[in-house]
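Shown next: coords-v4.cif, given as mmCIF, C-alpha atoms and all ligand atoms.
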data_target
#
loop_
_atom_site.label_atom_id
_atom_site.label_comp_id
_atom_site.auth_asym_id
_atom_site.auth_seq_id
_atom_site.Cartn_x
_atom_site.Cartn_y
_atom_site.Cartn_z
CA MET A 309 35.27 10.72 -11.53
CA LYS A 310 31.61 9.85 -11.67
CA ILE A 311 29.10 10.87 -9.03
CA TRP A 312 25.53 9.73 -8.57
CA ALA A 313 22.97 11.78 -6.64
CA PRO A 314 19.38 10.55 -6.42
CA GLY A 315 16.28 12.73 -6.23
CA ARG A 316 13.78 12.06 -3.48
CA VAL A 317 10.07 11.70 -3.06
CA ASN A 318 8.52 12.62 0.27
CA LEU A 319 6.11 9.91 1.42
CA ILE A 320 4.67 12.11 4.16
CA GLY A 321 5.65 15.14 6.27
CA ASP A 322 5.68 18.33 4.21
CA HIS A 323 6.34 21.83 5.51
CA VAL A 324 7.44 20.48 8.87
CA ASP A 325 11.21 20.05 8.43
CA TYR A 326 12.02 23.72 9.00
CA MET A 327 9.84 23.62 12.14
CA GLY A 328 11.71 20.69 13.68
CA GLY A 329 9.11 17.98 12.97
CA HIS A 330 9.50 14.47 11.57
CA VAL A 331 9.57 13.71 7.83
CA LEU A 332 9.68 10.48 5.82
CA PRO A 333 11.30 10.92 2.40
CA MET A 334 12.76 8.21 0.17
CA ALA A 335 15.64 8.56 -2.29
CA ILE A 336 14.58 7.33 -5.74
CA GLN A 337 16.04 5.80 -8.86
CA LEU A 338 15.64 9.08 -10.77
CA GLY A 339 18.64 11.29 -10.22
CA LEU A 340 21.68 12.86 -11.76
CA THR A 341 25.11 11.68 -12.79
CA LEU A 342 28.01 14.12 -12.76
CA GLU A 343 31.09 13.09 -14.73
CA ALA A 344 33.88 15.52 -13.99
CA ASP A 345 37.59 16.03 -13.44
CA ARG A 346 39.16 18.31 -10.89
CA VAL A 347 41.41 19.99 -13.41
CA GLY A 348 42.41 23.58 -14.17
CA ARG A 349 40.97 26.41 -12.16
CA GLY A 350 37.35 27.41 -11.82
CA ILE A 351 34.23 25.56 -12.89
CA HIS A 352 32.87 24.55 -16.26
CA LEU A 353 29.83 22.28 -16.15
CA THR A 354 27.21 21.46 -18.75
CA SER A 355 23.86 19.80 -18.11
CA ASP A 356 21.53 17.93 -20.43
CA ARG A 357 18.64 19.70 -18.66
CA GLU A 358 19.95 23.22 -19.28
CA ASN A 359 20.72 25.23 -22.41
CA GLU A 360 23.67 27.13 -21.01
CA PRO A 361 26.65 25.88 -19.02
CA ALA A 362 27.65 26.94 -15.51
CA VAL A 363 31.00 28.67 -15.95
CA PHE A 364 32.92 30.81 -13.50
CA GLY A 365 36.45 31.41 -12.27
CA GLU A 366 37.93 30.65 -8.93
CA ALA A 367 37.60 34.10 -7.39
CA ALA A 368 34.72 34.41 -4.93
CA VAL A 369 31.59 35.40 -6.81
CA ASP A 370 28.22 36.45 -5.49
CA PRO A 371 26.29 33.30 -6.41
CA SER A 372 22.89 34.98 -6.30
CA VAL A 373 23.56 37.11 -9.41
CA LEU A 374 25.12 34.53 -11.73
CA GLN A 375 23.57 33.48 -15.03
CA PRO A 376 22.16 31.03 -15.95
CA PRO A 377 20.27 30.53 -12.65
CA TRP A 378 21.44 26.93 -12.11
CA ALA A 379 25.04 28.22 -12.00
CA ARG A 380 24.05 30.00 -8.75
CA LEU A 381 23.66 26.66 -6.99
CA VAL A 382 26.97 25.40 -8.34
CA ALA A 383 28.81 28.59 -7.32
CA ALA A 384 27.25 28.61 -3.86
CA VAL A 385 28.41 25.04 -3.28
CA ALA A 386 31.91 25.97 -4.47
CA ASN A 387 31.97 28.88 -2.03
CA GLU A 388 30.88 26.66 0.85
CA VAL A 389 33.49 24.04 0.00
CA ALA A 390 36.21 26.70 -0.29
CA HIS A 391 35.17 28.15 3.04
CA GLU A 392 35.35 24.76 4.77
CA ALA A 393 38.66 23.91 3.08
CA ASN A 394 40.27 26.79 4.96
CA GLU A 395 39.62 24.81 8.10
CA VAL A 396 40.57 21.35 6.78
CA ALA A 397 44.21 21.25 5.72
CA ASP A 398 44.07 18.13 3.51
CA GLU A 399 41.23 19.57 1.45
CA LYS A 400 43.10 22.72 0.39
CA GLY A 401 43.60 23.24 -3.30
CA PRO A 402 42.04 25.21 -6.10
CA ILE A 403 38.32 25.00 -6.80
CA ALA A 404 38.43 23.19 -10.12
CA LEU A 405 35.84 21.12 -11.92
CA THR A 406 35.17 20.43 -15.57
CA GLY A 407 32.44 18.04 -16.55
CA ARG A 408 28.89 17.28 -17.52
CA ILE A 409 25.67 16.37 -15.83
CA SER A 410 23.05 14.03 -17.18
CA SER A 411 19.79 13.85 -15.31
CA SER A 412 16.58 11.86 -15.25
CA LEU A 413 15.00 14.25 -12.73
CA PRO A 414 12.44 16.80 -13.85
CA VAL A 415 13.34 20.32 -12.64
CA GLY A 416 10.84 22.17 -10.42
CA ALA A 417 8.65 19.10 -9.98
CA GLY A 418 9.11 18.54 -6.25
CA LEU A 419 11.64 15.71 -6.59
CA SER A 420 14.63 17.70 -5.27
CA SER A 421 16.60 18.29 -8.44
CA SER A 422 18.37 21.25 -6.85
CA ALA A 423 19.38 19.39 -3.68
CA ALA A 424 20.72 16.54 -5.86
CA LEU A 425 22.76 19.04 -7.88
CA CYS A 426 24.23 20.69 -4.78
CA VAL A 427 25.12 17.38 -3.16
CA ALA A 428 26.74 16.05 -6.37
CA VAL A 429 28.86 19.17 -6.87
CA ALA A 430 29.93 19.16 -3.22
CA LEU A 431 30.98 15.51 -3.50
CA ALA A 432 32.92 16.22 -6.69
CA LEU A 433 34.77 19.11 -5.09
CA ARG A 434 35.32 17.30 -1.82
CA PRO A 435 35.31 13.52 -2.31
CA SER A 436 36.18 12.83 1.35
CA PHE A 437 32.59 13.74 2.15
CA GLY A 438 31.59 10.47 0.55
CA ASN A 439 32.94 8.23 3.31
CA GLY A 440 29.42 7.29 4.36
CA THR A 441 29.62 7.97 8.11
CA PRO A 442 26.53 9.57 9.66
CA GLY A 443 28.64 12.63 10.53
CA SER A 444 29.79 13.13 6.94
CA GLN A 445 26.27 12.54 5.60
CA LEU A 446 24.91 15.27 7.84
CA ALA A 447 27.82 17.64 7.14
CA LEU A 448 27.34 17.18 3.39
CA ALA A 449 23.59 17.76 3.69
CA GLU A 450 24.11 20.89 5.79
CA LEU A 451 26.66 22.26 3.33
CA ALA A 452 24.25 21.70 0.43
CA GLN A 453 21.43 23.37 2.40
CA ARG A 454 23.60 26.44 3.17
CA ALA A 455 24.48 26.65 -0.51
CA GLU A 456 20.82 26.54 -1.51
CA HIS A 457 20.02 29.34 0.94
CA ALA A 458 22.86 31.47 -0.43
CA ALA A 459 21.98 30.84 -4.07
CA THR A 460 18.21 31.18 -3.97
CA ASP A 461 17.09 32.97 -0.81
CA VAL A 462 14.56 30.13 -0.35
CA PRO A 463 14.76 29.21 3.36
CA CYS A 464 14.49 25.45 2.75
CA GLY A 465 14.78 22.88 5.52
CA ILE A 466 17.18 19.92 5.75
CA MET A 467 14.86 17.16 4.47
CA ASP A 468 15.85 16.97 0.81
CA GLN A 469 19.59 17.07 1.33
CA LEU A 470 19.59 14.54 4.16
CA ALA A 471 17.23 12.24 2.27
CA ILE A 472 19.82 12.18 -0.51
CA THR A 473 23.00 11.84 1.57
CA ALA A 474 21.72 9.39 4.21
CA ALA A 475 19.56 7.14 2.01
CA VAL A 476 19.59 3.37 2.45
CA GLU A 477 18.71 1.16 -0.50
CA GLY A 478 15.26 -0.41 -0.21
CA ALA A 479 14.20 1.96 2.55
CA ALA A 480 12.67 5.33 3.30
CA THR A 481 14.41 7.67 5.74
CA LEU A 482 12.65 8.83 8.89
CA ILE A 483 14.26 12.12 9.91
CA ASP A 484 13.81 13.90 13.21
CA CYS A 485 14.49 17.43 12.01
CA THR A 486 15.21 18.68 15.54
CA THR A 487 17.92 16.16 16.43
CA ARG A 488 18.73 15.35 12.78
CA GLU A 489 18.66 11.67 13.70
CA VAL A 490 17.86 9.40 10.75
CA THR A 491 16.31 5.92 10.80
CA ALA A 492 15.99 3.69 7.73
CA LEU A 493 12.54 2.08 7.43
CA ALA A 494 12.17 -0.75 4.91
CA ILE A 495 9.40 -0.38 2.34
CA PRO A 496 7.03 -3.37 2.74
CA GLY A 497 7.40 -5.86 -0.10
CA ASP A 498 3.73 -5.69 -1.14
CA TRP A 499 3.65 -1.86 -1.38
CA SER A 500 4.29 0.02 -4.58
CA ILE A 501 5.05 3.73 -4.57
CA TRP A 502 4.35 5.93 -7.55
CA VAL A 503 5.02 9.46 -8.61
CA ILE A 504 2.57 11.13 -10.96
CA ASP A 505 3.56 14.41 -12.57
CA SER A 506 0.80 17.04 -12.80
CA GLY A 507 2.85 18.76 -15.51
CA THR A 508 2.67 22.08 -13.64
CA ARG A 509 6.01 23.62 -12.65
CA ARG A 510 6.97 26.05 -9.95
CA ASP A 511 10.06 27.94 -8.90
CA LEU A 512 10.20 28.17 -5.12
CA ARG A 513 11.79 31.61 -5.39
CA ASP A 514 8.55 33.00 -6.77
CA SER A 515 6.34 30.93 -4.49
CA GLU A 516 4.89 31.61 -1.05
CA TYR A 517 7.28 29.10 0.55
CA ALA A 518 9.09 31.77 2.58
CA ASP A 519 5.77 33.33 3.66
CA ARG A 520 4.51 29.99 4.91
CA ARG A 521 7.68 29.45 6.87
CA ARG A 522 7.36 32.91 8.45
CA GLN A 523 3.75 32.21 9.42
CA ALA A 524 4.66 28.87 11.01
CA GLU A 525 7.48 30.61 12.89
CA ALA A 526 5.06 33.26 14.09
CA ALA A 527 2.93 30.45 15.54
CA ALA A 528 5.94 28.84 17.22
CA ALA A 529 6.87 32.20 18.74
CA LEU A 530 3.48 32.12 20.48
CA VAL A 531 3.24 28.49 21.61
CA GLY A 532 6.74 27.00 21.36
CA PRO A 533 7.87 24.18 19.04
CA LEU A 534 4.79 23.20 17.02
CA PRO A 535 5.43 19.42 16.90
CA ASP A 536 5.28 19.37 20.74
CA ALA A 537 2.37 21.81 21.13
CA THR A 538 -0.96 20.61 22.51
CA ALA A 539 -4.23 20.90 20.61
CA ALA A 540 -5.30 23.50 23.23
CA ASP A 541 -2.16 25.60 22.52
CA ILE A 542 -3.07 25.69 18.85
CA THR A 543 -6.75 26.47 19.37
CA ALA A 544 -5.72 29.40 21.56
CA ILE A 545 -3.89 31.15 18.69
CA ASN A 546 -6.01 34.17 17.81
CA ASP A 547 -5.06 34.87 14.23
CA PRO A 548 -7.01 32.36 12.09
CA THR A 549 -4.33 32.10 9.38
CA ILE A 550 -1.50 31.54 11.86
CA ARG A 551 -3.70 29.03 13.69
CA ARG A 552 -4.29 26.99 10.55
CA ARG A 553 -0.58 26.97 9.67
CA ALA A 554 0.21 25.77 13.20
CA ARG A 555 -2.48 23.08 13.03
CA HIS A 556 -0.93 21.69 9.87
CA VAL A 557 2.63 21.52 11.23
CA HIS A 558 1.48 19.96 14.49
CA ALA A 559 -0.77 17.33 12.91
CA GLU A 560 1.55 16.55 9.99
CA SER A 561 4.49 15.75 12.24
CA ARG A 562 2.29 13.36 14.24
CA ARG A 563 1.01 11.78 11.01
CA VAL A 564 4.57 10.99 9.99
CA LEU A 565 5.11 8.91 13.12
CA ASP A 566 1.75 7.18 12.64
CA PHE A 567 2.68 6.46 9.02
CA ALA A 568 6.04 5.04 10.14
CA GLY A 569 4.10 2.75 12.50
CA ALA A 570 1.76 1.65 9.70
CA MET A 571 4.73 1.01 7.46
CA THR A 572 6.43 -1.15 10.07
CA ALA A 573 3.17 -3.07 10.49
CA GLY A 574 2.73 -3.30 6.71
CA ASP A 575 -0.69 -1.65 6.97
CA ALA A 576 -1.20 0.06 3.60
CA ARG A 577 -4.80 1.00 4.35
CA VAL A 578 -3.90 3.10 7.39
CA ALA A 579 -0.85 4.55 5.63
CA GLY A 580 -3.01 5.56 2.66
CA GLU A 581 -5.54 7.29 4.89
CA LEU A 582 -2.75 9.27 6.53
CA MET A 583 -1.52 10.35 3.08
CA ASP A 584 -5.02 11.55 2.18
CA GLU A 585 -5.27 13.47 5.46
CA SER A 586 -1.86 14.99 4.82
CA HIS A 587 -2.98 16.25 1.43
CA ARG A 588 -6.13 17.80 2.87
CA SER A 589 -4.12 19.54 5.54
CA LEU A 590 -1.62 20.91 3.00
CA ARG A 591 -4.55 22.06 0.85
CA ASP A 592 -6.81 23.58 3.50
CA ASP A 593 -4.61 24.56 6.45
CA PHE A 594 -1.23 25.24 4.84
CA GLU A 595 -2.64 26.30 1.45
CA VAL A 596 0.20 25.06 -0.73
CA SER A 597 -1.81 22.92 -3.14
CA ILE A 598 -3.29 23.87 -6.49
CA PRO A 599 -6.39 22.42 -8.23
CA ALA A 600 -4.30 20.30 -10.62
CA LEU A 601 -2.75 18.46 -7.65
CA ASP A 602 -6.09 18.13 -5.83
CA ASP A 603 -7.77 16.67 -8.92
CA LEU A 604 -4.93 14.26 -9.55
CA CYS A 605 -5.07 12.97 -5.96
CA GLU A 606 -8.83 12.56 -6.20
CA GLU A 607 -8.55 10.60 -9.43
CA LEU A 608 -5.80 8.35 -8.06
CA ARG A 609 -7.74 7.52 -4.89
CA SER A 610 -10.58 6.12 -6.97
CA MET A 611 -8.29 3.65 -8.78
CA PRO A 612 -8.31 -0.03 -7.78
CA GLY A 613 -5.40 -0.94 -5.50
CA VAL A 614 -4.52 2.67 -4.63
CA HIS A 615 -4.56 3.39 -0.87
CA GLY A 616 -3.74 7.10 -0.78
CA ALA A 617 -2.24 10.04 -2.64
CA ARG A 618 -0.83 13.43 -1.70
CA LEU A 619 1.24 16.25 -3.09
CA THR A 620 4.93 15.72 -2.40
CA GLY A 621 7.52 18.36 -1.56
CA ALA A 622 6.80 22.06 -1.35
CA GLY A 623 3.60 22.01 -3.42
CA PHE A 624 2.44 24.93 -5.63
CA GLY A 625 2.74 22.50 -8.58
CA GLY A 626 4.87 19.48 -9.46
CA CYS A 627 4.15 15.89 -8.49
CA VAL A 628 1.85 13.69 -6.46
CA VAL A 629 2.94 10.52 -4.65
CA ALA A 630 0.62 7.52 -4.40
CA LEU A 631 0.73 4.32 -2.38
CA ALA A 632 -0.68 1.22 -4.08
CA ASP A 633 -0.67 -2.54 -3.80
CA GLU A 634 2.00 -4.44 -5.68
CA GLY A 635 0.56 -5.18 -9.12
CA ALA A 636 -1.82 -2.17 -9.19
CA GLU A 637 -1.82 -0.20 -12.41
CA VAL A 638 -1.10 3.44 -11.75
CA PRO A 639 -0.56 5.97 -14.55
CA GLY A 640 2.82 7.28 -13.40
CA THR A 641 6.38 6.20 -12.64
CA ARG A 642 6.92 3.41 -10.15
CA LEU A 643 9.60 4.45 -7.70
CA ILE A 644 12.41 2.22 -6.50
CA PRO A 645 14.15 3.27 -3.28
CA SER A 646 17.76 4.24 -4.10
CA GLY A 647 20.96 4.28 -2.07
CA PRO A 648 22.71 7.56 -1.15
CA ALA A 649 24.67 10.01 -3.29
CA CYS A 650 28.10 8.50 -3.88
CA LEU A 651 31.24 8.35 -5.96
CA ARG A 652 30.83 5.65 -8.57
CA GLN A 653 34.51 5.49 -9.62
C1 LIG B 701 11.12 21.84 -0.23
C2 LIG B 701 12.23 22.18 0.77
C3 LIG B 701 12.21 21.20 1.95
C4 LIG B 701 10.82 21.07 2.56
C5 LIG B 701 9.77 20.84 1.47
C6 LIG B 701 8.37 20.86 2.02
O1 LIG B 701 11.37 20.61 -0.84
O2 LIG B 701 13.48 22.12 0.15
O3 LIG B 701 13.16 21.59 2.92
O4 LIG B 701 10.52 22.18 3.35
O5 LIG B 701 9.87 21.81 0.43
O6 LIG B 701 8.21 19.80 2.91
#
As structure tokens - that is how I would like this structure written.
Ligand code: GLA
Amino acid sequence: MKIWAPGRVNLIGDHVDYMGGHVLPMAIQLGLTLEADRVGRGIHLTSDRENEPAVFGEAAVDPSVLQPPWARLVAAVANEVAHEANEVADEKGPIALTGRISSSLPVGAGLSSSAALCVAVALALRPSFGNGTPGSQLALAELAQRAEHAATDVPCGIMDQLAITAAVEGAATLIDCTTREVTALAIPGDWSIWVIDSGTRRDLRDSEYADRRRQAEAAAALVGPLPDATAADITAINDPTIRRRARHVHAESRRVLDFAGAMTAGDARVAGELMDESHRSLRDDFEVSIPALDDLCEELRSMPGVHGARLTGAGFGGCVVALADEGAEVPGTRLIPSGPACLRQ
């Protein structure tokens, strides 16, 4: 069998998914293909992005200690699938997968290579997930998210996984991370979306991702859900660091809805300004940018036909996303919105 799982770029709405805000990611043409057979017992996968294969037997393993590190994600997905299979009679059977992965997604660049891997392995182990209903898309995304938590201890939100499982070709995906409702929003025909790699890499396990999440949660413990808070609620937070984190989450979630409005109206100028504001907020209030990303955004904004640029994903390194007019020349990769992860044969 052959499985395709796209990566994603986030157009706007970072560090708000785990606080129940809105996000607007888009699945992209860069992704991974897993060619595998459900034969034998246990897992044996190779990847053209990794030197060592992911190999382990069927017995439950502690995913967080496996080597090489990417095998942790694979094993955590296998554990989740095995756990669910106990409750779904027609999915019982040994955990078995032998195959290879080829990928066009850079690892650690903010384009969701790990979520794509988890979703692809889950689909390979449990093809019935690929039936395309909203319920199965969400269940698959939630399984992949649980696996990522178990394998890495990074308390990621649901954005990446749902962007990959619920994607619609030609569109970005507006996600309400409280209700988990998804809405496909077509990309206007005269917009072009680009990803530009800063060349810096990060591993979220060594980053301050978990700290930022804790700080945002500390703010929510004081004033309630941050997307619904009032400006006065936020100003009243005493601790200046917690206040800035809260201000970002609150404003960023609102920006996503404004951006969605600009996208529906085809207003690239307003959308670009919102992207610039988003970057400033991630840089100054949430403090997840680095100078290489700031400089790149600055440079892009001065180019003809470019409306806005911001870091995309968790930050701390990786890529920048830019919105430009059709025909503009941008020194990066032009992104094409992709359909969802699926079985290809
Ligand atoms: C990573 C996480 C997501 C999200 C982004 C930041 O990509 O996996 O859940 O929190 O960072 O928006």
When the cut-off is 10 Å and you count all atoms listed in the file, which residues lie near ligand LIG 701 (chain B), shown as a compact mmCIF listing (two decimals) with C-alpha atoms, in the coordinates of the input?
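The result, written out as out.txt:
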# COMPACT_ATOMS: atom_id res chain seq x y z
CA ARG A 316 13.78 12.06 -3.48
CA VAL A 317 10.07 11.70 -3.06
CA ASN A 318 8.52 12.62 0.27
CA ILE A 320 4.67 12.11 4.16
CA GLY A 321 5.65 15.14 6.27
CA ASP A 322 5.68 18.33 4.21
CA HIS A 323 6.34 21.83 5.51
CA VAL A 324 7.44 20.48 8.87
CA ASP A 325 11.21 20.05 8.43
CA TYR A 326 12.02 23.72 9.00
CA MET A 327 9.84 23.62 12.14
CA VAL A 331 9.57 13.71 7.83
CA LEU A 332 9.68 10.48 5.82
CA PRO A 333 11.30 10.92 2.40
CA GLY A 416 10.84 22.17 -10.42
CA ALA A 417 8.65 19.10 -9.98
CA GLY A 418 9.11 18.54 -6.25
CA LEU A 419 11.64 15.71 -6.59
CA SER A 420 14.63 17.70 -5.27
CA SER A 421 16.60 18.29 -8.44
CA SER A 422 18.37 21.25 -6.85
CA ALA A 423 19.38 19.39 -3.68
CA GLN A 453 21.43 23.37 2.40
CA GLU A 456 20.82 26.54 -1.51
CA HIS A 457 20.02 29.34 0.94
CA VAL A 462 14.56 30.13 -0.35
CA PRO A 463 14.76 29.21 3.36
CA CYS A 464 14.49 25.45 2.75
CA GLY A 465 14.78 22.88 5.52
CA ILE A 466 17.18 19.92 5.75
CA MET A 467 14.86 17.16 4.47
CA ASP A 468 15.85 16.97 0.81
CA GLN A 469 19.59 17.07 1.33
CA LEU A 470 19.59 14.54 4.16
CA LEU A 512 10.20 28.17 -5.12
CA TYR A 517 7.28 29.10 0.55
CA ALA A 518 9.09 31.77 2.58
CA ARG A 520 4.51 29.99 4.91
CA ARG A 521 7.68 29.45 6.87
CA LEU A 590 -1.62 20.91 3.00
CA VAL A 596 0.20 25.06 -0.73
CA LEU A 619 1.24 16.25 -3.09
CA THR A 620 4.93 15.72 -2.40
CA GLY A 621 7.52 18.36 -1.56
CA ALA A 622 6.80 22.06 -1.35
CA GLY A 623 3.60 22.01 -3.42
Nearest-residue call for Ala617 (chain A), choices A:Ile501, A:Val363, A:Ala526, A:Leu651, using only C-alpha atoms: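 The answer is A:Ile501, which sits nearest to Ala617 (chain A).
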Residue among A:Trp378, A:Trp499, A:Trp312, A:Phe567 lying closest to Leu340 (chain A), counting all atoms listed in the file: A:Trp312
Residues near Pro414 (chain A), cut-off 10 Å, only C-alpha atoms, skip fewer than 6 positions along chain, as number ranges by chain: A: 315, 338-339, 357, 420-421, 505, 507, 509, 626-627
Distance in Å - CA of Asp602 (chain A) versus CA of Arg552 (chain A):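 Atom-to-atom, CA of Asp602 (chain A) and CA of Arg552 (chain A) are spaced 18.7 Å apart.
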Find the residues around Gly569 (chain A) up to 12 Å (all atoms listed in the file counted), leave out those fewer than 3 positions away in its own chain, and share them as a JSON list (two decimals) with C-alpha atoms, in the frame of the given file.
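Full text of around11.json as output:
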[["chain", "number", "residue", "atom", "x", "y", "z"],
["A", 332, "LEU", "CA", 9.68, 10.48, 5.82],
["A", 482, "LEU", "CA", 12.65, 8.83, 8.89],
["A", 493, "LEU", "CA", 12.54, 2.08, 7.43],
["A", 494, "ALA", "CA", 12.17, -0.75, 4.91],
["A", 495, "ILE", "CA", 9.40, -0.38, 2.34],
["A", 496, "PRO", "CA", 7.03, -3.37, 2.74],
["A", 562, "ARG", "CA", 2.29, 13.36, 14.24],
["A", 563, "ARG", "CA", 1.01, 11.78, 11.01],
["A", 564, "VAL", "CA", 4.57, 10.99, 9.99],
["A", 565, "LEU", "CA", 5.11, 8.91, 13.12],
["A", 566, "ASP", "CA", 1.75, 7.18, 12.64],
["A", 572, "THR", "CA", 6.43, -1.15, 10.07],
["A", 573, "ALA", "CA", 3.17, -3.07, 10.49],
["A", 574, "GLY", "CA", 2.73, -3.30, 6.71],
["A", 575, "ASP", "CA", -0.69, -1.65, 6.97],
["A", 576, "ALA", "CA", -1.20, 0.06, 3.60],
["A", 578, "VAL", "CA", -3.90, 3.10, 7.39],
["A", 579, "ALA", "CA", -0.85, 4.55, 5.63],
["A", 582, "LEU", "CA", -2.75, 9.27, 6.53]]
What's around Val614 (chain A) at 9 Å? Count all atoms listed in the file, leave out sequence neighbours fewer than 3 positions away in its own chain, and write the answer as an mmCIF file with C-alpha atoms, in the coordinates of the input.
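After the write, part_9.cif holds the following:
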data_model
loop_
_atom_site.group_PDB
_atom_site.id
_atom_site.type_symbol
_atom_site.label_atom_id
_atom_site.label_comp_id
_atom_site.auth_asym_id
_atom_site.auth_seq_id
_atom_site.Cartn_x
_atom_site.Cartn_y
_atom_site.Cartn_z
ATOM 1 C CA GLY A 580 -3.010 5.560 2.660
ATOM 2 C CA LEU A 608 -5.800 8.350 -8.060
ATOM 3 C CA ARG A 609 -7.740 7.520 -4.890
ATOM 4 C CA SER A 610 -10.580 6.120 -6.970
ATOM 5 C CA MET A 611 -8.290 3.650 -8.780
ATOM 6 C CA ALA A 617 -2.240 10.040 -2.640
ATOM 7 C CA ALA A 630 0.620 7.520 -4.400
ATOM 8 C CA LEU A 631 0.730 4.320 -2.380
ATOM 9 C CA ALA A 632 -0.680 1.220 -4.080
ATOM 10 C CA ASP A 633 -0.670 -2.540 -3.800
ATOM 11 C CA ALA A 636 -1.820 -2.170 -9.190
ATOM 12 C CA GLU A 637 -1.820 -0.200 -12.410
ATOM 13 C CA VAL A 638 -1.100 3.440 -11.750
#
Selected residue, from A:Glu450, A:Glu607, A:Asp541, A:Glu343, that lies nearest to Val389 (chain A) when counting all atoms listed in the file: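 Checking each candidate against Val389 (chain A), we get A:Glu450 as the closest.
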Which residue of A:Leu448, A:Pro645, A:Ala458, A:Asn359 approaches Ala492 (chain A) most closely, using all atoms listed in the file: A:Pro645
Write out as a PDB file with C-alpha atoms, in the coordinates of the input which residues come within 7 Å of Trp502 (chain A) when counting only C-alpha atoms, dropping same-chain ones fewer than 3 positions away.
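As written to disk, result28.pdb reads:
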ATOM      1  CA  VAL A 629       2.940  10.520  -4.650  1.00  0.00           C
ATOM      2  CA  ALA A 630       0.620   7.520  -4.400  1.00  0.00           C
ATOM      3  CA  LEU A 631       0.730   4.320  -2.380  1.00  0.00           C
ATOM      4  CA  GLY A 640       2.820   7.280 -13.400  1.00  0.00           C
ATOM      5  CA  THR A 641       6.380   6.200 -12.640  1.00  0.00           C
ATOM      6  CA  ARG A 642       6.920   3.410 -10.150  1.00  0.00           C
ATOM      7  CA  LEU A 643       9.600   4.450  -7.700  1.00  0.00           C
TER       8      LEU A 643
END
One-decimal distance in Å that lies between CA of Ala471 (chain A) and CA of Pro648 (chain A): 8.0 Å
For the interface of region 544-633 of chain A with region 530-539 of chain A (cut-off 12 Å, counting all atoms listed in the file), please tabulate each contacting residue of region 544-633 of chain A alongside its nearest pair of atoms and their separation in Å to one decimal, rows sorted by chain and increasing number, as a tab-separated table.
residue	atom	partner	partner_atom	distance
A:Ala544	CA	A:Ala539	CA	8.7
A:Ile545	CA	A:Leu530	CA	7.6
A:Asn546	CA	A:Leu530	CA	10.1
A:Asp547	CA	A:Leu530	CA	10.9
A:Ile550	CA	A:Leu530	CA	10.0
A:Arg551	CA	A:Leu530	CA	10.4
A:Arg552	CA	A:Ala539	CA	11.8
A:Arg553	CA	A:Leu534	CA	9.9
A:Ala554	CA	A:Leu534	CA	6.5
A:Arg555	CA	A:Ala539	CA	8.1
A:His556	CA	A:Leu534	CA	9.3
A:Val557	CA	A:Leu534	CA	6.4
A:His558	CA	A:Pro535	CA	4.7
A:Ala559	CA	A:Pro535	CA	7.7
A:Glu560	CA	A:Pro535	CA	8.4
A:Ser561	CA	A:Pro535	CA	6.0
A:Arg562	CA	A:Pro535	CA	7.3
A:Arg563	CA	A:Pro535	CA	10.6
A:Val564	CA	A:Pro535	CA	10.9
A:Leu565	CA	A:Pro535	CA	11.2
Extending 8 Å beyond the listed atoms of region 524-534 of chain A on each side, what axis-aligned box results? I want centre and edge lengths in Å to one decimal, as JSON.
{"center_x": 5.4, "center_y": 28.2, "center_z": 16.3, "size_x": 20.9, "size_y": 26.1, "size_z": 26.6}
Between CA of Glu388 (chain A) and CA of Arg454 (chain A), distance in Å (one decimal): 7.6 Å
Neighbour residues at most 12 Å from (21.7, 9.7, 15.0) (only C-alpha atoms) as a ChimeraX atom specification: /A:441-446,474,481-492
Go ahead and save the picked residues with C-alpha atoms, as a PDB file, in the frame of the given file.
ATOM      1  CA  THR A 441      29.620   7.970   8.110  1.00  0.00           C
ATOM      2  CA  PRO A 442      26.530   9.570   9.660  1.00  0.00           C
ATOM      3  CA  GLY A 443      28.640  12.630  10.530  1.00  0.00           C
ATOM      4  CA  SER A 444      29.790  13.130   6.940  1.00  0.00           C
ATOM      5  CA  GLN A 445      26.270  12.540   5.600  1.00  0.00           C
ATOM      6  CA  LEU A 446      24.910  15.270   7.840  1.00  0.00           C
ATOM      7  CA  ALA A 474      21.720   9.390   4.210  1.00  0.00           C
ATOM      8  CA  THR A 481      14.410   7.670   5.740  1.00  0.00           C
ATOM      9  CA  LEU A 482      12.650   8.830   8.890  1.00  0.00           C
ATOM     10  CA  ILE A 483      14.260  12.120   9.910  1.00  0.00           C
ATOM     11  CA  ASP A 484      13.810  13.900  13.210  1.00  0.00           C
ATOM     12  CA  CYS A 485      14.490  17.430  12.010  1.00  0.00           C
ATOM     13  CA  THR A 486      15.210  18.680  15.540  1.00  0.00           C
ATOM     14  CA  THR A 487      17.920  16.160  16.430  1.00  0.00           C
ATOM     15  CA  ARG A 488      18.730  15.350  12.780  1.00  0.00           C
ATOM     16  CA  GLU A 489      18.660  11.670  13.700  1.00  0.00           C
ATOM     17  CA  VAL A 490      17.860   9.400  10.750  1.00  0.00           C
ATOM     18  CA  THR A 491      16.310   5.920  10.800  1.00  0.00           C
ATOM     19  CA  ALA A 492      15.990   3.690   7.730  1.00  0.00           C
TER      20      ALA A 492
END
Which residue of A:Ala480, A:Val427, A:Cys605, A:Ala335 approaches Met571 (chain A) most closely, using only C-alpha atoms: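 Among the listed residues, A:Ala480 lies closest to Met571 (chain A).
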Counting only C-alpha atoms, the option among A:Ala362, A:Ala393, A:Phe624, A:His587 closest to Arg380 (chain A): A:Ala362
